[in-house]
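Below is one structure; the comments refer to it alone.
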Amino acid sequence: MLEFVLILVVGVLLYKMIKQNSGRDCTENLPPGQMGLPILGESLQFIYKKAKFFDERRNKHGHIYKTHLFGNPTIRISGKKNLEKLFAAENKLLQSAYPTSVKTIIGKNTLATSAGKVHADMKVQILRCFSPEFFEQKFPEISHFLTDRIYDWCRSSQVTIFSELHSTFLELASVSLVSMDMPKSEKTRIQTLYHEITDNLFTLPINLPGFGFHKALKAKEELNNLFRNRIKRDGKTSCEQFPAILETFYKAQNSDFEEDDLVNGIFELIFNAGETISASAICVLCHLSQYPRVVEKLRDELSSVDLLTPPEENNNDVVNLKPEVLNKLSYLDCVYKEILRISPAIGGSYRKVLQTFELEGYTIPKDWTVVLGIRDTHQTETQLSDPSVFYPERWLDDDSSKLSFFTFASGPRRCPGKGYASLVLKLFIVKLCQQCDFTLSEKNPEMVALPTPRPKNNLTGKFISRKV
C-alpha cells in the first residue's frame, strides 16, 4: 500500500516537474550542482543530513549551486552582495514561497507564507502594534517573567537546556503577546506539539501515518483544539477581549471575527515568537558559557550604569532598567548581534523566481525555487578572517556596518518582530549576568542548525544564584 502511494506521489511530482521544465532552453547556463534522483531529487539526502546537506554542496560548488528539493528545482545562493540584491528584489524578481509542507502546516495566509499585498498589509499592522508604547507597557511583565524563571533554574539541581528554554519562551510568547495563561499540564503538552511541528516542517508532503508531514498536521490539529478550549474556558467570545496584535493575524483578509481565524492567529504568533527566540536563547547560553571574559565585560558595562545588582525575587521592580536603557548598552548590543550572526535562528529564506534573471553569470530560471542562504553568508563572510569565531568586539569597529547580518532578513520581508526579539534576548542576557553564574555539561556544545539551532546532545546546565 505504501509503495503504491509513493508511486502515485512520484507521478504527481513528475507531472509538476515536466510542466515546470516545458519550453525551457536546455542550453541555459545553470549553476553547478546535482539534481539527484528522478523526481525525488535530493530531498531524502536533505531530510537526513539537514544543514550538512547545504554545507557539503557549498564547499564543493561554491556559493551558488543547484539541487532539487521537495519536487522543485532549487538554487541556493549566499554571499552578502547577492542577498542584498535579492532581498531588495522581493515581488520583482522573487517572491516568498516556502515548500508545500511548510505552507500546509503553518497555513497559506500567515505572515511567514503569505506574499504580495496580504503580507505587506499584515506587516504594517504588526509594526504599528510593536510600538515604543507597546514595549514600554510589556517591559515589566517580560522582566518579571525572566527573573522568576532564572531563579527557578537556580533552585534546580540540573536544567535540561533545550526543553527548558523551549518551554520558557513559548510560555513567554503566550503570556506577553496573546495574554493566554495555562495550567502546567497544558503548557507541557503545547511544548511537545510545537516541537513535533518544528521538527517536521521541511519534509515530503505525504499525509499518511508514519510520515513526518502527517505527524505535524496531527500536532497542529491538537494544538488548535487546545487553544480553542482555552478560549472557551477563559470566556473570551469577541475580538476585543484579545491583544490588538492578534487582530492582524485573524483579519489578514479583512474577514469578520471567526474563531478558527483567531485560533490560527494564536498558533502562528506563539510559533513565530517562541520557536525562534528560544533557539537564540539557547545560543546565548552556549556562547556565553564558552567566553567568561565576555560575561565579565557585560557585567562591567552593567555596573557602570548601576544595573548589576540582582533583582530581589518576588519583588522585581525594574527601577532603572527600561527599553531605552537596553538600547544604549553598546557592548550588550555587540554580544546580541554576534550571537545572531553566528547562529541565526532561520538559516535560509525560500523564494519563487518570478522572471528569469542572471546572477554572477548563471541563469536563474523562472518558476524555480531559490533559497537565500543566511547562515551560509554569515559563516563565510569574506571581509572577516575568522567568521566562525565568536568575537563581539568586531561590532565596535567603524566599518561594522559592512558586515553581513541577515538574521531578520532584509528589504520588504524584514521580520517585523525584530524589536520584540531584541528586547527579550537583550533582557535575557542582562538577567543572566545579574542573577547567576552557570556552567553547561559540555564545554563546547555541538549544535545542529536545522530546523532551528539546538544542542545535538542532551545538554544540561547548572545555575547558581549570584550574590553581591
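If you're wondering about the labels, chains in the C-alpha cells are A, B, ... by order shown, residues count from 1 in each chain, ligands from 1 in order shown.
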
May I have the residues within 8 Å of stretch 421-438 of chain A as a short mmCIF file (atom, residue, chain, number, x, y, z; two decimals) with C-alpha atoms, in the first residue's frame, using only C-alpha atoms and disregarding those fewer than 5 positions away in the same chain?
data_model
loop_
_atom_site.label_atom_id
_atom_site.label_comp_id
_atom_site.auth_asym_id
_atom_site.auth_seq_id
_atom_site.Cartn_x
_atom_site.Cartn_y
_atom_site.Cartn_z
CA ILE A 142 8.69 40.32 30.49
CA SER A 143 11.33 41.35 33.04
CA LEU A 146 12.55 36.12 33.11
CA THR A 147 13.69 36.98 36.64
CA ILE A 150 16.08 32.13 36.15
CA TYR A 151 15.65 31.89 39.92
CA CYS A 154 18.96 28.29 40.32
CA ALA A 273 7.96 34.38 18.64
CA ILE A 277 13.63 33.26 20.30
CA SER A 280 18.50 32.16 20.02
CA ALA A 281 18.34 32.00 23.82
CA VAL A 284 23.13 32.81 24.22
CA SER A 289 29.41 29.64 28.74
CA VAL A 295 30.33 37.85 30.62
CA LEU A 298 28.92 42.68 30.11
CA ARG A 299 28.91 42.93 33.90
CA LEU A 302 26.01 46.97 33.63
CA LEU A 307 22.37 47.83 36.75
CA LEU A 308 24.39 44.86 38.00
CA THR A 309 22.61 44.32 41.32
CA PRO A 310 20.39 41.20 41.11
CA PRO A 311 16.67 41.92 41.40
CA PRO A 323 13.80 49.60 26.91
CA LEU A 326 18.86 48.48 26.98
CA LEU A 332 25.35 44.29 25.10
CA ASP A 333 24.32 45.17 21.56
CA TYR A 336 23.48 40.23 20.88
CA GLY A 461 23.16 23.28 32.83
CA LYS A 462 23.82 24.20 36.43
CA PHE A 463 22.72 27.68 37.57
CA ILE A 464 23.95 29.22 40.83
CA SER A 465 22.49 32.40 42.28
CA ARG A 466 24.92 35.28 42.18
CA LYS A 467 25.47 37.08 45.47
#

Sorted by chain and rising residue number, which residues of stretch 366-426 of chain A lie within 8 Å of stretch 89-98 of chain A, and what are their closest atom pairs and distances in Å to one decimal, counting only C-alpha atoms, as CSV?
residue,atom,partner,partner_atom,distance
A:Thr369,CA,A:Ala97,CA,7.8
A:Gly411,CA,A:Glu90,CA,7.5
A:Pro412,CA,A:Glu90,CA,6.6
A:Arg413,CA,A:Glu90,CA,7.6

When you look at A:Tyr391 with a cut-off of 10 Å (counting only C-alpha atoms), what residues show up, excluding the ones that are within fewer than 5 positions of it in the same chain? I need them as an mmCIF file with N, CA and C atoms, in the first residue's frame.
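Contents of the output file part09.cif:
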data_model
loop_
_atom_site.group_PDB
_atom_site.id
_atom_site.type_symbol
_atom_site.label_atom_id
_atom_site.label_comp_id
_atom_site.auth_asym_id
_atom_site.auth_seq_id
_atom_site.Cartn_x
_atom_site.Cartn_y
_atom_site.Cartn_z
ATOM 1 N N TYR A 291 32.781 31.765 26.848
ATOM 2 C CA TYR A 291 33.571 33.001 26.858
ATOM 3 C C TYR A 291 33.298 33.811 28.129
ATOM 4 N N VAL A 294 33.643 37.587 28.094
ATOM 5 C CA VAL A 294 32.525 38.356 27.552
ATOM 6 C C VAL A 294 31.505 38.645 28.652
ATOM 7 N N CYS A 334 26.587 44.526 20.965
ATOM 8 C CA CYS A 334 27.602 43.754 20.226
ATOM 9 C C CYS A 334 27.440 42.255 20.465
ATOM 10 N N VAL A 335 27.240 41.873 21.719
ATOM 11 C CA VAL A 335 27.082 40.456 22.064
ATOM 12 C C VAL A 335 25.830 39.890 21.404
ATOM 13 N N GLU A 338 26.424 39.491 17.651
ATOM 14 C CA GLU A 338 27.387 38.443 17.317
ATOM 15 C C GLU A 338 26.774 37.059 17.487
ATOM 16 N N ILE A 339 25.946 36.881 18.513
ATOM 17 C CA ILE A 339 25.269 35.595 18.702
ATOM 18 C C ILE A 339 24.347 35.311 17.527
ATOM 19 N N ILE A 342 26.424 34.506 14.197
ATOM 20 C CA ILE A 342 26.981 33.158 14.117
ATOM 21 C C ILE A 342 25.886 32.095 14.082
ATOM 22 N N ASP A 386 38.066 35.445 10.336
ATOM 23 C CA ASP A 386 37.621 34.454 11.308
ATOM 24 C C ASP A 386 36.099 34.502 11.488
#

Problem set entry | Counting only C-alpha atoms, the option among A:Trp153, A:Phe145, A:Phe139, A:Tyr362 closest to A:Pro32 | A:Tyr362

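Our summary of the geometry notes that atom CA of A:Arg57 is positioned 21.0 Å from atom CA of A:Ala345.
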
Problem set entry | Per-residue DSSP, stretch 263-453 of chain A, filtered to helix (DSSP H, G or I), as a count of residues only | 93

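Considering only C-alpha atoms, the residue among A:Tyr420, A:His166, A:Ser303, A:Arg341 positioned nearest to A:Phe135 is A:Tyr420.
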
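Counting only C-alpha atoms and comparing A:His287, A:Gln34, A:Leu372, A:Ser179, the residue that lies closest to A:Ser410 is A:Leu372.
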
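Residue nearest A:Leu359, chosen from A:Ile77, A:Ile47, A:Leu69, A:Leu226 and counting only C-alpha atoms: A:Ile77.
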
With a cut-off of 10 Å, could you pull out the residues of stretch 35-117 of chain A touching stretch 440-457 of chain A and give me the nearest pair of atoms for each, distance in Å to one decimal, using only C-alpha atoms, ordered by chain and ascending number, as CSV?
residue,atom,partner,partner_atom,distance
A:Ile47,CA,A:Leu450,CA,9.9
A:Lys49,CA,A:Leu450,CA,9.4
A:Lys50,CA,A:Leu450,CA,6.0
A:Ala51,CA,A:Leu450,CA,5.8
A:Lys52,CA,A:Ala449,CA,8.7
